[in-house]
Structures are given as C-alpha cells and as structure tokens.
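To start, the structure itself, in structure tokens.
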Amino acid sequence: MVALLAIVADWILGDPQNFPHPVKLMGHLISAEDKLIRKICKTGPSLRMGGLFIVLLNVLIVYFGVSMGINALGFNKPLQFIVTTHLAFTTLAAKSLGLEAKAVKREMKISIERGRLRLRYIVGRNTEKLNQSGIIRATVETVAENTSDGVIAPLFYLIFGLPFAMTYKMINTMDSMLGYKNDRYRYLGFFPAKIDDLVNWIPARLTALLMIFSAWFSFDVGGGLKIMARDHKKHASPNAGYPESAVAGLLGIQLGGGSFYENIYIEKPLIGDPKRPVRAKDIDDSVKIMYRAEILFAILYGVYYFWIRGIFL
C-alpha cells in the first residue's frame, strides 16, 4: 500500500524544492565523509578502504536509523503510516525526471545554447559541444538510466520495507557523488560504485522488461527485446545498458557513442540501430516509456498486495 501511495504522491508533488529532503541530508553526510577520509587516508589502498568504511557506515546508519525511527512511532499508527509514506515518496523521482527532461527540450527549442545549459542539470558529460542530436540522445539516455535508479529500483526495494528503499537511496547517492572513474575518485569511489552495481543488478533488468512489456501498441516491442538482448553488454555499466538498450530498440534510434567527460573524450559503443534520426519527440517518448514502466510495476504490485497476498497470507 505504501508503495502505491508513494507513486501517486510523486506524480502529484514531484520534488518540492523548499521541503526537507532525505537525499539532501545524505549528500551533506557523504560530502563531510569525503573530506574527513581524505585528511586521514593519503594512499590509493587506504583511500579504497576509506571508501569501504563510508559504505558500511552509511548503510548501517540509514537502515537501522530508519528502522528504529519508524518503530519508535508505533505508539501512533496513523502518524507512523504518514511518515513511512512520506519517506517512501522521497525515494522516487519520476515527476522531477520527466520535468527536467522536458525542460531540456523546451530550452533547446529556444536556442541550442540554452538546451546545452539545461542539460547540465541532469547529465555528467560536457555539454558545450553537443549539437541538437547530441542533446536529445543524452536526455533520452538519462531518462532511460534513471527510470531504473530513480523509479523502479526504489519501488523494488520498497517491497521489502522502507529501510531497504532508503538504504538503496543512500547507496545510489554515494555512487553519484563518489563513484567516478577519474583520478580523484578512482580509489575512494571503488566500493561505492561496486555496491551500487550490486544493488541495481535486479532492478535494471526488471526496468528493461517493464519498459518493453508496457510498450504494446505505442512502441516497437520486438525491437526493444532484440536490441536489449543484443546491445545491453555494450554499456560500460553492467546495469545501465539494459534500460538504455531497451529504449533505443523501442524508439528505433541509436544511443551511446563517444562523449566528453571533464574535458576528456571517452569513446563508447553505439547502442541500437539508426532506423531513423533522433528527434525532439524522442524525449517525450522516453518519459512516456518511464511512466508506462512505473504504471505496470504498480499494477503488478497491486495484484500481489490486494489479491495474491490475501490468498496465501
């Protein structure tokens, strides 16, 4: 029930800018730990162990902190339910992701420069040299990948309880802040990146399947299955290739390719077949695919919660 209410709350409220958000607190904690570990650890191996310490500490803090906090509210069931639902809602990012993607499209229509600037809010690559096609591809790739990280994965872990979903969110935040493969984070970010790969293994594959099987009558389901099966291994990430290749196949476009990261050109394989050139509408369609996947997840979870669970429990 909490997961379904969290979905509806996210659709309605999105990410309120002026409201306390647990992920912001997680970010402040990780940033402080980053600075502290660097004062103590000066070599590569010690920084790697420092990264492991950050992972273990934060997982324990969030899991047991949330568990004890929710249990402490047991004296007031309505309040406990409200707090649980609110925290569950903060783990989701469907509305904010969709709005940001469409903002890139809107700004790009005004000028290519404004599109590039807006894209910087949601991607880690350099955007200064991207043409219109590059902006579109980067936006679609981001929506595809974050459909897993910001929507389906938190919902998947909510099935097991709020502490698991909040712990996932901490792991994902650690990866987004520390898991870079550059000189600064090569050692410190090793374990944050590895644990993020581990916890996203099932959600990434589930996301791709949800995308494909919710796309009937609107997108190329056969193409989605074909490209996912063929191209998911082309991505540097063991997980991101699944939703990205699924979206490429569903839309009949080609994603991937080399990009500049911190002014260094990184060559990446192409994903999908270029059945047609990318177009601005692909951004809207990637958002539709995201919502369809989330709705299918909600339907399947609702069937489990209200029917199957009632039969066997």
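As shown in the structure tokens, the chain order sets the letters A, B, ...; within each chain, residues go from 1, and ligands are also counted from 1 in the order they appear.
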With a distance cut-off of 7 Å and only C-alpha atoms, select the neighbouring residues of Pro269 of chain A, excluding the residue or stretch itself and same-chain residues fewer than 2 positions from it, and output the selection as a ChimeraX atom specification. /A:234,256-257,267,271
Residue selection dump (N, CA and C atoms) as a short mmCIF file (atom, residue, chain, number, x, y, z; two decimals), in the first residue's frame:
```cif
data_model
loop_
_atom_site.label_atom_id
_atom_site.label_comp_id
_atom_site.auth_asym_id
_atom_site.auth_seq_id
_atom_site.Cartn_x
_atom_site.Cartn_y
_atom_site.Cartn_z
N LYS A 234 27.08 -3.65 -24.26
CA LYS A 234 27.94 -2.62 -24.85
C LYS A 234 28.19 -1.46 -23.90
N GLY A 256 24.15 6.15 -27.27
CA GLY A 256 25.56 5.88 -26.98
C GLY A 256 26.48 6.71 -27.85
N GLY A 257 27.67 6.22 -28.05
CA GLY A 257 28.69 6.96 -28.79
C GLY A 257 29.56 7.77 -27.85
N GLU A 267 35.44 7.27 -25.59
CA GLU A 267 34.79 6.54 -26.68
C GLU A 267 33.85 5.48 -26.10
N ILE A 271 24.57 2.03 -29.28
CA ILE A 271 23.52 1.10 -28.84
C ILE A 271 22.29 1.31 -29.70
#
```
Give me the residues near Ile54 of chain A as a PyMOL selection string, where near means some atom within 8 Å (using only C-alpha atoms) and where sequence neighbours in that chain fewer than 3 positions away do not count. chain A and resi 30+33+50-51+57-58
Selection file, N, CA and C atoms, as a compact mmCIF listing (two decimals), in the first residue's frame:
```txt
# COMPACT_ATOMS: atom_id res chain seq x y z
N ILE A 30 27.71 12.50 3.06
CA ILE A 30 28.73 11.92 2.18
C ILE A 30 29.83 12.93 1.89
N GLU A 33 32.06 13.13 4.88
CA GLU A 33 32.88 11.92 4.99
C GLU A 33 34.01 11.93 3.96
N GLY A 50 38.98 3.49 2.88
CA GLY A 50 38.15 4.58 3.38
C GLY A 50 36.79 4.59 2.69
N GLY A 51 36.78 4.29 1.39
CA GLY A 51 35.52 4.20 0.67
C GLY A 51 34.66 3.06 1.18
N LEU A 57 29.43 2.30 6.94
CA LEU A 57 28.88 3.21 7.94
C LEU A 57 27.52 3.76 7.51
N ASN A 58 27.43 4.20 6.28
CA ASN A 58 26.19 4.83 5.81
C ASN A 58 25.06 3.82 5.66
```
Counting only C-alpha atoms, the residue of A:Met49, A:Ala215, A:Ala248, A:Val104 that sits nearest Thr127 of chain A: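 Once distances to Thr127 of chain A are computed over only C-alpha atoms, the minimum belongs to A:Val104.
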Leaving out Tyr291 of chain A and any residue of its chain fewer than 2 positions from it, which residues lie within 12 Å of it when counting only C-alpha atoms, given as JSON, numbers by chain? {"A": [7, 8, 10, 11, 93, 94, 95, 96, 97, 98, 143, 144, 146, 147, 148, 150, 151, 152, 207, 210, 211, 214, 215, 284, 285, 286, 287, 288, 289, 293, 294, 295, 296, 297, 298]}
Write the residues of the preceding selection, restricted to N, CA and C atoms, as an mmCIF file, in the first residue's frame.
```
data_model
loop_
_atom_site.group_PDB
_atom_site.id
_atom_site.type_symbol
_atom_site.label_atom_id
_atom_site.label_comp_id
_atom_site.auth_asym_id
_atom_site.auth_seq_id
_atom_site.Cartn_x
_atom_site.Cartn_y
_atom_site.Cartn_z
ATOM 1 N N ILE A 7 3.843 6.387 -5.156
ATOM 2 C CA ILE A 7 3.796 6.661 -6.590
ATOM 3 C C ILE A 7 2.858 7.823 -6.878
ATOM 4 N N VAL A 8 1.665 7.777 -6.293
ATOM 5 C CA VAL A 8 0.682 8.836 -6.516
ATOM 6 C C VAL A 8 1.200 10.168 -5.985
ATOM 7 N N ASP A 10 4.284 11.117 -5.673
ATOM 8 C CA ASP A 10 5.339 11.611 -6.569
ATOM 9 C C ASP A 10 4.731 12.216 -7.825
ATOM 10 N N TRP A 11 3.702 11.580 -8.381
ATOM 11 C CA TRP A 11 3.044 12.117 -9.571
ATOM 12 C C TRP A 11 2.460 13.504 -9.303
ATOM 13 N N ALA A 93 11.554 9.598 -8.162
ATOM 14 C CA ALA A 93 11.918 10.805 -8.909
ATOM 15 C C ALA A 93 11.308 10.843 -10.301
ATOM 16 N N ALA A 94 10.166 10.174 -10.492
ATOM 17 C CA ALA A 94 9.586 10.118 -11.833
ATOM 18 C C ALA A 94 9.170 11.502 -12.323
ATOM 19 N N LYS A 95 8.413 12.226 -11.503
ATOM 20 C CA LYS A 95 7.914 13.523 -11.967
ATOM 21 C C LYS A 95 9.052 14.500 -12.208
ATOM 22 N N SER A 96 9.986 14.576 -11.269
ATOM 23 C CA SER A 96 11.088 15.531 -11.427
ATOM 24 C C SER A 96 11.957 15.165 -12.631
ATOM 25 N N LEU A 97 12.163 13.875 -12.867
ATOM 26 C CA LEU A 97 12.944 13.441 -14.027
ATOM 27 C C LEU A 97 12.234 13.819 -15.324
ATOM 28 N N GLY A 98 10.928 13.591 -15.361
ATOM 29 C CA GLY A 98 10.169 13.944 -16.550
ATOM 30 C C GLY A 98 10.166 15.438 -16.815
ATOM 31 N N VAL A 143 17.087 9.692 -19.079
ATOM 32 C CA VAL A 143 15.753 9.248 -18.659
ATOM 33 C C VAL A 143 15.719 7.728 -18.555
ATOM 34 N N ALA A 144 16.296 7.046 -19.526
ATOM 35 C CA ALA A 144 16.293 5.587 -19.525
ATOM 36 C C ALA A 144 17.021 5.036 -18.299
ATOM 37 N N ASN A 146 17.841 6.555 -15.484
ATOM 38 C CA ASN A 146 17.255 6.966 -14.209
ATOM 39 C C ASN A 146 15.853 6.429 -13.984
ATOM 40 N N THR A 147 15.233 5.879 -15.017
ATOM 41 C CA THR A 147 13.996 5.140 -14.788
ATOM 42 C C THR A 147 14.273 3.963 -13.870
ATOM 43 N N SER A 148 15.447 3.376 -14.017
ATOM 44 C CA SER A 148 15.850 2.298 -13.115
ATOM 45 C C SER A 148 16.271 2.858 -11.761
ATOM 46 N N GLY A 150 16.004 5.867 -10.335
ATOM 47 C CA GLY A 150 15.165 6.801 -9.601
ATOM 48 C C GLY A 150 13.710 6.433 -9.484
ATOM 49 N N VAL A 151 13.305 5.329 -10.139
ATOM 50 C CA VAL A 151 11.886 4.971 -10.108
ATOM 51 C C VAL A 151 11.696 3.492 -9.742
ATOM 52 N N ILE A 152 12.124 2.601 -10.617
ATOM 53 C CA ILE A 152 11.833 1.184 -10.415
ATOM 54 C C ILE A 152 12.644 0.583 -9.267
ATOM 55 N N THR A 207 13.574 -3.223 -14.907
ATOM 56 C CA THR A 207 13.162 -1.984 -15.574
ATOM 57 C C THR A 207 13.060 -2.174 -17.069
ATOM 58 N N LEU A 210 9.983 -4.189 -17.880
ATOM 59 C CA LEU A 210 8.777 -3.385 -17.672
ATOM 60 C C LEU A 210 8.592 -2.380 -18.801
ATOM 61 N N MET A 211 9.691 -1.765 -19.218
ATOM 62 C CA MET A 211 9.628 -0.828 -20.340
ATOM 63 C C MET A 211 9.078 -1.501 -21.588
ATOM 64 N N SER A 214 5.340 -2.889 -21.304
ATOM 65 C CA SER A 214 4.320 -1.846 -21.128
ATOM 66 C C SER A 214 4.192 -0.994 -22.385
ATOM 67 N N ALA A 215 4.937 -1.342 -23.432
ATOM 68 C CA ALA A 215 5.005 -0.500 -24.628
ATOM 69 C C ALA A 215 4.109 -0.984 -25.766
ATOM 70 N N ASP A 284 10.052 13.237 -25.203
ATOM 71 C CA ASP A 284 8.709 12.991 -24.671
ATOM 72 C C ASP A 284 8.402 11.499 -24.620
ATOM 73 N N ASP A 285 8.809 10.778 -25.654
ATOM 74 C CA ASP A 285 8.521 9.347 -25.708
ATOM 75 C C ASP A 285 9.295 8.575 -24.635
ATOM 76 N N SER A 286 10.519 8.999 -24.341
ATOM 77 C CA SER A 286 11.283 8.325 -23.291
ATOM 78 C C SER A 286 10.609 8.521 -21.935
ATOM 79 N N VAL A 287 10.025 9.704 -21.720
ATOM 80 C CA VAL A 287 9.288 9.969 -20.481
ATOM 81 C C VAL A 287 8.030 9.101 -20.426
ATOM 82 N N LYS A 288 7.353 8.956 -21.558
ATOM 83 C CA LYS A 288 6.176 8.080 -21.611
ATOM 84 C C LYS A 288 6.551 6.646 -21.272
ATOM 85 N N ILE A 289 7.674 6.195 -21.796
ATOM 86 C CA ILE A 289 8.138 4.832 -21.503
ATOM 87 C C ILE A 289 8.410 4.684 -20.011
ATOM 88 N N ALA A 293 6.355 2.065 -17.595
ATOM 89 C CA ALA A 293 7.042 1.049 -16.795
ATOM 90 C C ALA A 293 6.622 1.143 -15.331
ATOM 91 N N GLU A 294 6.524 2.365 -14.835
ATOM 92 C CA GLU A 294 6.126 2.557 -13.437
ATOM 93 C C GLU A 294 4.686 2.098 -13.212
ATOM 94 N N ILE A 295 3.797 2.415 -14.149
ATOM 95 C CA ILE A 295 2.394 2.002 -14.029
ATOM 96 C C ILE A 295 2.277 0.479 -14.052
ATOM 97 N N LEU A 296 3.026 -0.176 -14.943
ATOM 98 C CA LEU A 296 2.990 -1.640 -14.990
ATOM 99 C C LEU A 296 3.501 -2.222 -13.673
ATOM 100 N N PHE A 297 4.553 -1.636 -13.120
ATOM 101 C CA PHE A 297 5.044 -2.096 -11.819
ATOM 102 C C PHE A 297 3.943 -1.950 -10.774
ATOM 103 N N ALA A 298 3.255 -0.796 -10.764
ATOM 104 C CA ALA A 298 2.192 -0.544 -9.789
ATOM 105 C C ALA A 298 1.059 -1.554 -9.945
#
```
Skip Gly27 of chain A itself and residues of its chain fewer than 4 positions away, then list as a PyMOL selection string all residues within 7 Å of it, counting only C-alpha atoms. chain A and resi 23+31+173
Written selection (N, CA, C and O atoms) as a compact mmCIF listing (two decimals), in the first residue's frame:
```txt
# COMPACT_ATOMS: atom_id res chain seq x y z
N VAL A 23 17.49 12.89 0.80
CA VAL A 23 18.64 12.73 -0.09
C VAL A 23 19.61 13.90 0.06
O VAL A 23 20.83 13.73 -0.05
N SER A 31 29.46 14.17 1.67
CA SER A 31 30.44 15.21 1.41
C SER A 31 31.38 15.40 2.60
O SER A 31 32.60 15.53 2.43
N THR A 173 23.10 7.41 -3.92
CA THR A 173 23.64 8.76 -3.73
C THR A 173 25.16 8.71 -3.56
O THR A 173 25.88 9.56 -4.09
```
Find the residue from A:Ser46, A:Ser237, A:Thr139, A:Asn200 that sits nearest to Arg125 of chain A; use only C-alpha atoms when measuring.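 With only C-alpha atoms as the atom set, the closest residue is A:Thr139.
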Segment 105-108 of chain A surroundings by only C-alpha atoms, 8 Å radius, close-in-sequence under 2 positions cut, as a ChimeraX atom specification: /A:101-103,110-116,118,132,136,280,283
Identify, on the basis of only C-alpha atoms, every residue whose closest approach to Asn263 of chain A does not exceed 12 Å; exclude the query and any residue fewer than 2 positions from it along the same chain; express the result as a list in words. Gly124, Arg125, Asn126, Thr127, Glu128, Lys129, Asn182, Ser259, Phe260, Tyr261, Tyr265 and Ile266 of chain A
Keeping only C-alpha atoms, write the selected residues as a compact mmCIF listing (two decimals), in the first residue's frame.
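Output file selection25.txt is given in full below:
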```
# COMPACT_ATOMS: atom_id res chain seq x y z
CA GLY A 124 27.61 14.30 -16.05
CA ARG A 125 29.12 14.78 -19.50
CA ASN A 126 30.34 18.04 -21.02
CA THR A 127 27.52 19.64 -22.98
CA GLU A 128 29.28 22.65 -24.58
CA LYS A 129 29.97 20.92 -27.90
CA ASN A 182 38.62 9.80 -12.58
CA SER A 259 31.29 11.99 -25.26
CA PHE A 260 33.46 14.43 -23.33
CA TYR A 261 33.64 13.94 -19.57
CA TYR A 265 36.84 12.34 -24.74
CA ILE A 266 35.57 8.88 -23.81
```
Per DSSP on the backbone, what are the alpha helix (DSSP H) residues of segment 170-239 of chain A, as a PyMOL selection string? chain A and resi 170-178+190-199+201-213+221-231
Could you go through segment 55-295 of chain A and tell me which residues DSSP, when run on the backbone, assigns to strand (DSSP E), listing them as an NGL selection string? :A and (255-256 or 259-261 or 264-266 or 270-271)
A:Met1, A:Ile70, A:Ala240, A:Leu250: which is nearest Lys226 of chain A, counting only C-alpha atoms?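 Among the listed residues, A:Leu250 lies closest to Lys226 of chain A.
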Who sits within 6 Å of segment 163-166 of chain A, only C-alpha atoms, same chain under 4 positions skipped, as a PyMOL selection string: chain A and resi 63+66-67+154+157-158
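Here atom CA of Ala138 of chain A is placed at a distance of 10.7 Å from atom CA of Glu244 of chain A.
Comparing A:Tyr242, A:Phe217, A:Phe64, A:Phe89 by their smallest distance to Asp15 of chain A, the closest is A:Phe89 (using only C-alpha atoms).
Reported to one decimal place, the separation of atom CA of Lys169 of chain A from atom CA of Val140 of chain A is 22.2 Å.
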